[in-house]
>>> print(open('protein18.pdb').read())   # PDB, N, CA and C atoms and all ligand atoms
ATOM      1  N   MET A  11     -12.617 -31.207  36.489
ATOM      2  CA  MET A  11     -13.720 -30.273  36.306
ATOM      3  C   MET A  11     -15.057 -30.954  36.580
ATOM      4  N   ALA A  12     -15.254 -32.166  36.005
ATOM      5  CA  ALA A  12     -16.512 -32.894  36.222
ATOM      6  C   ALA A  12     -16.690 -33.238  37.684
ATOM      7  N   ASP A  13     -15.566 -33.593  38.381
ATOM      8  CA  ASP A  13     -15.661 -33.916  39.802
ATOM      9  C   ASP A  13     -16.099 -32.703  40.620
ATOM     10  N   ARG A  14     -15.575 -31.514  40.273
ATOM     11  CA  ARG A  14     -15.979 -30.299  40.993
ATOM     12  C   ARG A  14     -17.456 -30.007  40.795
ATOM     13  N   ILE A  15     -17.964 -30.256  39.608
ATOM     14  CA  ILE A  15     -19.389 -30.034  39.352
ATOM     15  C   ILE A  15     -20.222 -31.014  40.158
ATOM     16  N   ASN A  16     -19.790 -32.300  40.188
ATOM     17  CA  ASN A  16     -20.543 -33.295  40.953
ATOM     18  C   ASN A  16     -20.541 -32.963  42.442
ATOM     19  N   LEU A  17     -19.390 -32.530  42.977
ATOM     20  CA  LEU A  17     -19.333 -32.163  44.398
ATOM     21  C   LEU A  17     -20.261 -30.988  44.678
ATOM     22  N   GLY A  18     -20.300 -30.046  43.732
ATOM     23  CA  GLY A  18     -21.180 -28.899  43.881
ATOM     24  C   GLY A  18     -22.636 -29.320  43.899
ATOM     25  N   ARG A  19     -22.976 -30.253  43.034
ATOM     26  CA  ARG A  19     -24.365 -30.738  43.007
ATOM     27  C   ARG A  19     -24.714 -31.470  44.296
ATOM     28  N   ARG A  20     -23.769 -32.327  44.769
ATOM     29  CA  ARG A  20     -24.026 -33.050  46.020
ATOM     30  C   ARG A  20     -24.223 -32.080  47.175
ATOM     31  N   GLY A  21     -23.367 -31.064  47.208
ATOM     32  CA  GLY A  21     -23.488 -30.078  48.274
ATOM     33  C   GLY A  21     -24.819 -29.351  48.223
ATOM     34  N   LEU A  22     -25.225 -28.995  47.005
ATOM     35  CA  LEU A  22     -26.500 -28.291  46.833
ATOM     36  C   LEU A  22     -27.664 -29.189  47.230
ATOM     37  N   LEU A  23     -27.611 -30.464  46.774
ATOM     38  CA  LEU A  23     -28.692 -31.390  47.127
ATOM     39  C   LEU A  23     -28.737 -31.638  48.635
ATOM     40  N   GLY A  24     -27.554 -31.736  49.259
ATOM     41  CA  GLY A  24     -27.519 -31.925  50.703
ATOM     42  C   GLY A  24     -28.128 -30.745  51.432
ATOM     43  N   ARG A  25     -27.789 -29.538  50.997
ATOM     44  CA  ARG A  25     -28.355 -28.337  51.648
ATOM     45  C   ARG A  25     -29.859 -28.255  51.410
ATOM     46  N   LEU A  26     -30.288 -28.622  50.195
ATOM     47  CA  LEU A  26     -31.714 -28.599  49.887
ATOM     48  C   LEU A  26     -32.465 -29.590  50.775
ATOM     49  N   GLY A  27     -31.890 -30.788  50.946
ATOM     50  CA  GLY A  27     -32.521 -31.792  51.807
ATOM     51  C   GLY A  27     -32.635 -31.304  53.240
ATOM     52  N   LEU A  28     -31.579 -30.681  53.733
ATOM     53  CA  LEU A  28     -31.606 -30.141  55.097
ATOM     54  C   LEU A  28     -32.652 -29.048  55.215
ATOM     55  N   ALA A  29     -32.716 -28.162  54.235
ATOM     56  CA  ALA A  29     -33.679 -27.058  54.276
ATOM     57  C   ALA A  29     -35.108 -27.576  54.267
ATOM     58  N   LEU A  30     -35.362 -28.642  53.498
ATOM     59  CA  LEU A  30     -36.718 -29.193  53.439
ATOM     60  C   LEU A  30     -37.092 -29.924  54.713
ATOM     61  N   SER A  31     -36.103 -30.439  55.442
ATOM     62  CA  SER A  31     -36.420 -31.197  56.650
ATOM     63  C   SER A  31     -36.638 -30.309  57.868
ATOM     64  N   LEU A  32     -36.225 -29.065  57.851
ATOM     65  CA  LEU A  32     -36.311 -28.211  59.034
ATOM     66  C   LEU A  32     -37.675 -27.588  59.306
ATOM     67  N   PRO A  33     -38.484 -27.221  58.306
ATOM     68  CA  PRO A  33     -39.753 -26.556  58.627
ATOM     69  C   PRO A  33     -40.645 -27.315  59.608
ATOM     70  N   PRO A  34     -40.781 -28.661  59.518
ATOM     71  CA  PRO A  34     -41.630 -29.313  60.521
ATOM     72  C   PRO A  34     -41.123 -29.095  61.935
ATOM     73  N   LEU A  35     -39.809 -29.055  62.118
ATOM     74  CA  LEU A  35     -39.258 -28.816  63.449
ATOM     75  C   LEU A  35     -39.597 -27.419  63.927
ATOM     76  N   ALA A  36     -39.591 -26.472  63.012
ATOM     77  CA  ALA A  36     -39.890 -25.090  63.391
ATOM     78  C   ALA A  36     -41.349 -24.923  63.769
ATOM     79  N   LEU A  37     -42.229 -25.758  63.250
ATOM     80  CA  LEU A  37     -43.650 -25.619  63.525
ATOM     81  C   LEU A  37     -44.084 -26.333  64.794
ATOM     82  N   SER A  38     -43.297 -27.279  65.286
ATOM     83  CA  SER A  38     -43.779 -28.131  66.358
ATOM     84  C   SER A  38     -43.577 -27.637  67.785
ATOM     85  N   PRO A  39     -42.612 -26.796  68.102
ATOM     86  CA  PRO A  39     -42.409 -26.464  69.514
ATOM     87  C   PRO A  39     -43.628 -25.801  70.160
ATOM     88  N   ALA A  40     -43.742 -26.038  71.433
ATOM     89  CA  ALA A  40     -44.832 -25.428  72.176
ATOM     90  C   ALA A  40     -44.511 -23.966  72.428
ATOM     91  N   THR A  41     -45.312 -23.110  71.924
ATOM     92  CA  THR A  41     -45.190 -21.700  72.242
ATOM     93  C   THR A  41     -46.427 -21.358  73.055
ATOM     94  N   PRO A  42     -46.360 -20.339  73.890
ATOM     95  CA  PRO A  42     -47.547 -19.984  74.669
ATOM     96  C   PRO A  42     -48.767 -19.732  73.793
ATOM     97  N   ALA A  43     -48.562 -19.056  72.650
ATOM     98  CA  ALA A  43     -49.698 -18.762  71.771
ATOM     99  C   ALA A  43     -50.283 -20.035  71.198
ATOM    100  N   ARG A  44     -49.403 -20.949  70.748
ATOM    101  CA  ARG A  44     -49.900 -22.201  70.177
ATOM    102  C   ARG A  44     -50.587 -23.041  71.247
ATOM    103  N   SER A  45     -50.004 -23.147  72.419
ATOM    104  CA  SER A  45     -50.603 -23.939  73.486
ATOM    105  C   SER A  45     -51.977 -23.413  73.868
ATOM    106  N   ALA A  46     -52.162 -22.095  73.810
ATOM    107  CA  ALA A  46     -53.443 -21.502  74.170
ATOM    108  C   ALA A  46     -54.544 -21.881  73.195
ATOM    109  N   GLU A  47     -54.172 -22.267  71.973
ATOM    110  CA  GLU A  47     -55.150 -22.639  70.958
ATOM    111  C   GLU A  47     -55.593 -24.093  71.081
ATOM    112  N   LEU A  48     -54.861 -24.882  71.820
ATOM    113  CA  LEU A  48     -55.113 -26.326  71.863
ATOM    114  C   LEU A  48     -55.911 -26.712  73.097
ATOM    115  N   THR A  49     -56.655 -27.804  72.970
ATOM    116  CA  THR A  49     -57.387 -28.332  74.117
ATOM    117  C   THR A  49     -56.674 -29.577  74.631
ATOM    118  N   LEU A  50     -56.949 -29.887  75.867
ATOM    119  CA  LEU A  50     -56.300 -31.019  76.517
ATOM    120  C   LEU A  50     -56.820 -32.340  75.953
ATOM    121  N   LEU A  51     -55.921 -33.254  75.663
ATOM    122  CA  LEU A  51     -56.290 -34.583  75.176
ATOM    123  C   LEU A  51     -57.046 -35.326  76.275
ATOM    124  N   ASP A  52     -58.211 -35.833  75.920
ATOM    125  CA  ASP A  52     -59.029 -36.586  76.866
ATOM    126  C   ASP A  52     -58.725 -38.076  76.702
ATOM    127  N   GLU A  53     -58.660 -38.787  77.812
ATOM    128  CA  GLU A  53     -58.369 -40.219  77.755
ATOM    129  C   GLU A  53     -59.418 -40.990  76.960
ATOM    130  N   SER A  54     -60.623 -40.433  76.851
ATOM    131  CA  SER A  54     -61.679 -41.127  76.107
ATOM    132  C   SER A  54     -61.616 -40.853  74.604
ATOM    133  N   ASP A  55     -60.748 -39.947  74.193
ATOM    134  CA  ASP A  55     -60.569 -39.662  72.765
ATOM    135  C   ASP A  55     -60.082 -40.951  72.088
ATOM    136  N   PRO A  56     -60.669 -41.321  70.944
ATOM    137  CA  PRO A  56     -60.257 -42.561  70.270
ATOM    138  C   PRO A  56     -58.756 -42.622  69.971
ATOM    139  N   SER A  57     -58.156 -41.492  69.601
ATOM    140  CA  SER A  57     -56.715 -41.521  69.316
ATOM    141  C   SER A  57     -55.921 -41.752  70.603
ATOM    142  N   ALA A  58     -56.409 -41.213  71.718
ATOM    143  CA  ALA A  58     -55.751 -41.438  73.000
ATOM    144  C   ALA A  58     -55.891 -42.898  73.421
ATOM    145  N   GLN A  59     -57.081 -43.452  73.245
ATOM    146  CA  GLN A  59     -57.308 -44.847  73.616
ATOM    147  C   GLN A  59     -56.460 -45.784  72.761
ATOM    148  N   ALA A  60     -56.287 -45.452  71.490
ATOM    149  CA  ALA A  60     -55.498 -46.303  70.594
ATOM    150  C   ALA A  60     -54.051 -46.413  71.053
ATOM    151  N   GLU A  61     -53.559 -45.374  71.735
ATOM    152  CA  GLU A  61     -52.166 -45.378  72.207
ATOM    153  C   GLU A  61     -52.064 -45.571  73.712
ATOM    154  N   GLY A  62     -53.172 -45.878  74.363
ATOM    155  CA  GLY A  62     -53.145 -46.118  75.801
ATOM    156  C   GLY A  62     -52.785 -44.894  76.609
ATOM    157  N   TYR A  63     -53.136 -43.694  76.107
ATOM    158  CA  TYR A  63     -52.797 -42.469  76.836
ATOM    159  C   TYR A  63     -53.559 -42.384  78.142
ATOM    160  N   VAL A  64     -52.851 -42.040  79.192
ATOM    161  CA  VAL A  64     -53.460 -41.729  80.484
ATOM    162  C   VAL A  64     -52.862 -40.419  80.980
ATOM    163  N   SER A  65     -53.654 -39.639  81.671
ATOM    164  CA  SER A  65     -53.175 -38.335  82.141
ATOM    165  C   SER A  65     -52.276 -38.458  83.364
ATOM    166  N   ASP A  66     -52.222 -39.655  83.963
ATOM    167  CA  ASP A  66     -51.355 -39.914  85.115
ATOM    168  C   ASP A  66     -50.606 -41.222  84.859
ATOM    169  N   ALA A  67     -49.305 -41.118  84.607
ATOM    170  CA  ALA A  67     -48.508 -42.287  84.236
ATOM    171  C   ALA A  67     -48.547 -43.398  85.280
ATOM    172  N   SER A  68     -48.880 -43.071  86.534
ATOM    173  CA  SER A  68     -48.924 -44.121  87.561
ATOM    174  C   SER A  68     -50.053 -45.104  87.281
ATOM    175  N   ARG A  69     -51.008 -44.719  86.446
ATOM    176  CA  ARG A  69     -52.110 -45.619  86.076
ATOM    177  C   ARG A  69     -51.836 -46.346  84.758
ATOM    178  N   ALA A  70     -50.701 -46.087  84.128
ATOM    179  CA  ALA A  70     -50.408 -46.650  82.803
ATOM    180  C   ALA A  70     -50.039 -48.122  82.907
ATOM    181  N   LYS A  71     -50.537 -48.879  81.962
ATOM    182  CA  LYS A  71     -50.160 -50.290  81.877
ATOM    183  C   LYS A  71     -48.973 -50.379  80.927
ATOM    184  N   GLY A  72     -47.834 -50.788  81.431
ATOM    185  CA  GLY A  72     -46.664 -50.956  80.575
ATOM    186  C   GLY A  72     -45.653 -49.834  80.650
ATOM    187  N   ALA A  73     -45.917 -48.810  81.419
ATOM    188  CA  ALA A  73     -44.952 -47.708  81.523
ATOM    189  C   ALA A  73     -43.834 -48.080  82.494
ATOM    190  N   ASP A  74     -42.605 -47.748  82.116
ATOM    191  CA  ASP A  74     -41.481 -47.935  83.031
ATOM    192  C   ASP A  74     -41.591 -46.908  84.156
ATOM    193  N   ALA A  75     -41.064 -47.249  85.316
ATOM    194  CA  ALA A  75     -41.098 -46.322  86.448
ATOM    195  C   ALA A  75     -40.424 -45.004  86.072
ATOM    196  N   GLY A  76     -41.074 -43.914  86.345
ATOM    197  CA  GLY A  76     -40.518 -42.585  86.079
ATOM    198  C   GLY A  76     -40.772 -42.063  84.678
ATOM    199  N   ALA A  77     -41.252 -42.917  83.788
ATOM    200  CA  ALA A  77     -41.529 -42.463  82.416
ATOM    201  C   ALA A  77     -42.831 -41.687  82.404
ATOM    202  N   ASN A  78     -42.802 -40.514  81.838
ATOM    203  CA  ASN A  78     -44.025 -39.728  81.658
ATOM    204  C   ASN A  78     -43.793 -38.714  80.553
ATOM    205  N   CYS A  79     -44.833 -37.995  80.202
ATOM    206  CA  CYS A  79     -44.742 -37.053  79.088
ATOM    207  C   CYS A  79     -43.634 -36.030  79.299
ATOM    208  N   ALA A  80     -43.457 -35.578  80.517
ATOM    209  CA  ALA A  80     -42.474 -34.525  80.778
ATOM    210  C   ALA A  80     -41.062 -34.940  80.382
ATOM    211  N   ASN A  81     -40.763 -36.254  80.395
ATOM    212  CA  ASN A  81     -39.416 -36.680  79.984
ATOM    213  C   ASN A  81     -39.437 -37.495  78.687
ATOM    214  N   CYS A  82     -40.489 -37.310  77.913
ATOM    215  CA  CYS A  82     -40.610 -37.941  76.591
ATOM    216  C   CYS A  82     -40.023 -36.978  75.556
ATOM    217  N   SER A  83     -39.310 -37.509  74.594
ATOM    218  CA  SER A  83     -38.678 -36.653  73.579
ATOM    219  C   SER A  83     -39.694 -36.003  72.640
ATOM    220  N   LEU A  84     -40.946 -36.437  72.671
ATOM    221  CA  LEU A  84     -41.969 -35.866  71.795
ATOM    222  C   LEU A  84     -42.740 -34.744  72.472
ATOM    223  N   TYR A  85     -42.401 -34.440  73.713
ATOM    224  CA  TYR A  85     -43.118 -33.454  74.524
ATOM    225  C   TYR A  85     -42.378 -32.123  74.523
ATOM    226  N   ALA A  86     -43.121 -31.019  74.543
ATOM    227  CA  ALA A  86     -42.507 -29.697  74.635
ATOM    228  C   ALA A  86     -43.372 -28.809  75.519
ATOM    229  N   ALA A  87     -42.734 -28.168  76.470
ATOM    230  CA  ALA A  87     -43.417 -27.226  77.362
ATOM    231  C   ALA A  87     -42.358 -26.513  78.182
ATOM    232  N   THR A  88     -42.760 -25.475  78.850
ATOM    233  CA  THR A  88     -41.841 -24.841  79.778
ATOM    234  C   THR A  88     -41.648 -25.793  80.960
ATOM    235  N   SER A  89     -40.540 -25.680  81.658
ATOM    236  CA  SER A  89     -40.187 -26.657  82.680
ATOM    237  C   SER A  89     -41.193 -26.725  83.825
ATOM    238  N   ASP A  90     -41.898 -25.637  84.112
ATOM    239  CA  ASP A  90     -42.832 -25.639  85.231
ATOM    240  C   ASP A  90     -44.281 -25.907  84.796
ATOM    241  N   ALA A  91     -44.500 -26.183  83.518
ATOM    242  CA  ALA A  91     -45.860 -26.386  83.015
ATOM    243  C   ALA A  91     -46.391 -27.758  83.407
ATOM    244  N   THR A  92     -47.671 -27.836  83.652
ATOM    245  CA  THR A  92     -48.298 -29.117  83.971
ATOM    246  C   THR A  92     -48.848 -29.790  82.720
ATOM    247  N   GLN A  93     -48.809 -29.095  81.597
ATOM    248  CA  GLN A  93     -49.233 -29.674  80.332
ATOM    249  C   GLN A  93     -48.463 -29.002  79.201
ATOM    250  N   GLY A  94     -48.388 -29.704  78.065
ATOM    251  CA  GLY A  94     -47.648 -29.165  76.933
ATOM    252  C   GLY A  94     -48.049 -29.847  75.656
ATOM    253  N   THR A  95     -47.295 -29.575  74.606
ATOM    254  CA  THR A  95     -47.620 -30.165  73.311
ATOM    255  C   THR A  95     -46.870 -31.479  73.136
ATOM    256  N   CYS A  96     -47.397 -32.287  72.239
ATOM    257  CA  CYS A  96     -46.822 -33.599  71.951
ATOM    258  C   CYS A  96     -46.826 -33.768  70.436
ATOM    259  N   GLN A  97     -45.700 -34.131  69.883
ATOM    260  CA  GLN A  97     -45.627 -34.325  68.435
ATOM    261  C   GLN A  97     -46.482 -35.498  67.978
ATOM    262  N   TYR A  98     -46.780 -36.421  68.861
ATOM    263  CA  TYR A  98     -47.606 -37.575  68.483
ATOM    264  C   TYR A  98     -49.083 -37.205  68.405
ATOM    265  N   PHE A  99     -49.504 -36.261  69.231
ATOM    266  CA  PHE A  99     -50.882 -35.752  69.217
ATOM    267  C   PHE A  99     -50.814 -34.248  68.923
ATOM    268  N   PRO A 100     -50.513 -33.861  67.697
ATOM    269  CA  PRO A 100     -50.191 -32.456  67.391
ATOM    270  C   PRO A 100     -51.337 -31.466  67.580
ATOM    271  N   ASP A 101     -52.562 -31.929  67.652
ATOM    272  CA  ASP A 101     -53.698 -31.014  67.787
ATOM    273  C   ASP A 101     -54.194 -30.893  69.216
ATOM    274  N   LYS A 102     -53.478 -31.480  70.166
ATOM    275  CA  LYS A 102     -53.926 -31.497  71.562
ATOM    276  C   LYS A 102     -52.776 -31.169  72.504
ATOM    277  N   LEU A 103     -53.123 -30.850  73.715
ATOM    278  CA  LEU A 103     -52.151 -30.761  74.801
ATOM    279  C   LEU A 103     -52.199 -32.068  75.584
ATOM    280  N   VAL A 104     -51.099 -32.438  76.181
ATOM    281  CA  VAL A 104     -51.073 -33.619  77.044
ATOM    282  C   VAL A 104     -50.554 -33.202  78.416
ATOM    283  N   LYS A 105     -50.899 -33.959  79.421
ATOM    284  CA  LYS A 105     -50.452 -33.653  80.776
ATOM    285  C   LYS A 105     -48.979 -34.052  80.939
ATOM    286  N   ALA A 106     -48.211 -33.241  81.628
ATOM    287  CA  ALA A 106     -46.804 -33.557  81.885
ATOM    288  C   ALA A 106     -46.676 -34.888  82.614
ATOM    289  N   ALA A 107     -47.645 -35.200  83.465
ATOM    290  CA  ALA A 107     -47.626 -36.440  84.233
ATOM    291  C   ALA A 107     -48.203 -37.619  83.459
ATOM    292  N   GLY A 108     -48.627 -37.379  82.203
ATOM    293  CA  GLY A 108     -49.260 -38.428  81.408
ATOM    294  C   GLY A 108     -48.273 -39.400  80.791
ATOM    295  N   TRP A 109     -48.815 -40.314  80.009
ATOM    296  CA  TRP A 109     -47.981 -41.322  79.327
ATOM    297  C   TRP A 109     -48.821 -41.994  78.249
ATOM    298  N   CYS A 110     -48.148 -42.445  77.203
ATOM    299  CA  CYS A 110     -48.814 -43.295  76.201
ATOM    300  C   CYS A 110     -47.787 -44.277  75.642
ATOM    301  N   GLN A 111     -48.262 -45.207  74.848
ATOM    302  CA  GLN A 111     -47.393 -46.274  74.318
ATOM    303  C   GLN A 111     -46.373 -45.753  73.321
ATOM    304  N   ALA A 112     -46.538 -44.535  72.833
ATOM    305  CA  ALA A 112     -45.568 -43.959  71.906
ATOM    306  C   ALA A 112     -44.424 -43.275  72.650
ATOM    307  N   TYR A 113     -44.405 -43.435  73.965
ATOM    308  CA  TYR A 113     -43.367 -42.800  74.792
ATOM    309  C   TYR A 113     -41.988 -43.048  74.203
ATOM    310  N   SER A 114     -41.203 -41.990  74.163
ATOM    311  CA  SER A 114     -39.835 -42.071  73.665
ATOM    312  C   SER A 114     -38.939 -41.346  74.656
ATOM    313  N   GLY A 115     -38.197 -42.102  75.441
ATOM    314  CA  GLY A 115     -37.352 -41.511  76.468
ATOM    315  C   GLY A 115     -36.275 -40.621  75.886
ATOM    316  N   LEU A 116     -35.829 -39.668  76.648
ATOM    317  CA  LEU A 116     -34.799 -38.733  76.185
ATOM    318  C   LEU A 116     -33.446 -39.396  76.155
TER     319      LEU A 116
HETATM  320 FE1  LIG A 201     -46.776 -38.219  76.344
HETATM  321 FE2  LIG A 201     -44.738 -38.884  74.764
HETATM  322 FE3  LIG A 201     -47.072 -40.192  74.589
HETATM  323 FE4  LIG A 201     -46.876 -37.698  73.744
HETATM  324  S1  LIG A 201     -45.804 -39.486  72.892
HETATM  325  S2  LIG A 201     -48.537 -38.540  75.010
HETATM  326  S3  LIG A 201     -45.450 -36.804  75.215
HETATM  327  S4  LIG A 201     -45.673 -40.184  76.353
END
>>> encode(input="protein18.pdb", output="structure tokens", more="lines below")
Ligand code: SF4
Amino acid sequence: MADRINLGRRGLLGRLGLALSLPPLALSPATPARSAELTLLDESDPSAQAEGYVSDASRAKGADAGANCANCSLYAATSDATQGTCQYFPDKLVKAAGWCQAYSGL
């Protein structure tokens, strides 16, 4: 009986943990409405400079060949978009062709 109660509690705590972890994921994807509210990240922005963000990855110091925002796991946009949202810079849009030191390959 005690084991069944403990399993029930573990299951409940596990579901609660999962439920609490999902809302940030639901808020982050790029939607057309959300993207329309954001402005493009400027390379001169202090937060961009701190991470070495450039709007064209070919100018990036330290970027691997072919790495850019469009294939970064923190980027979200429609496949044909030239800019989208980035979880690392949540209040800005970044260029699909851009890159920064927080790059995370897919
Ligand atoms: Fe681009 Fe990824 Fe850096 Fe965001 S974290 S600016 S998507 S390379």
>>> resolve_selection(input="protein18.pdb", expression="the PyMOL selection byres (((chain A and resi 62) around 8) and not hetatm)", output="ChimeraX atom specification")
/A:53,56-61,63-65,70-71,109-112
>>> residues_near_point(input="protein18.pdb", point="(-47.0, -31.7, 75.2)", cutoff="7 Å", atoms="only N, CA and C atoms", output="count of residues only")
15
>>> closest_residue(input="protein18.pdb", among="A:Leu116, A:Arg44, A:Tyr98, A:Thr88", to="ligand LIG 201 (chain A)", atoms="only N, CA and C atoms and all ligand atoms")
A:Tyr98
>>> atom_distance(input="protein18.pdb", atom1="CA of Asp101 in chain A", atom2="atom FE1 of ligand LIG 201 (chain A)")
13.2 Å
>>> closest_residue(input="protein18.pdb", among="A:Ala107, A:Ser45, A:Pro100, A:Asp55", to="Asn81 in chain A", atoms="only C-alpha atoms")
A:Ala107
>>> axis_aligned_box(input="protein18.pdb", around="ligand LIG 201 (chain A)", padding_each_side="6 Å", output="lines of an AutoDock Vina configuration file")
center_x = -46.6
center_y = -38.5
center_z = 74.6
size_x = 15.8
size_y = 15.4
size_z = 15.5
>>> select_by_dssp(input="protein18.pdb", residues="range 32-91 of chain A", states="alpha helix (DSSP H)", output="list in words")
Leu32, Pro33, Pro34, Leu35, Ala36, Leu37, Pro42, Ala43, Arg44, Ser45, Ala46, Glu47, Pro56, Ser57, Ala58, Gln59 and Ala60 of chain A
>>> atom_distance(input="protein18.pdb", atom1="atom C of Gly108 in chain A", atom2="CA of Glu47 in chain A")
20.6 Å
>>> closest_residue(input="protein18.pdb", among="A:Thr49, A:Ser83, A:Ser89, A:Ser54", to="ligand LIG 201 (chain A)", atoms="only C-alpha atoms and all ligand atoms")
A:Ser83
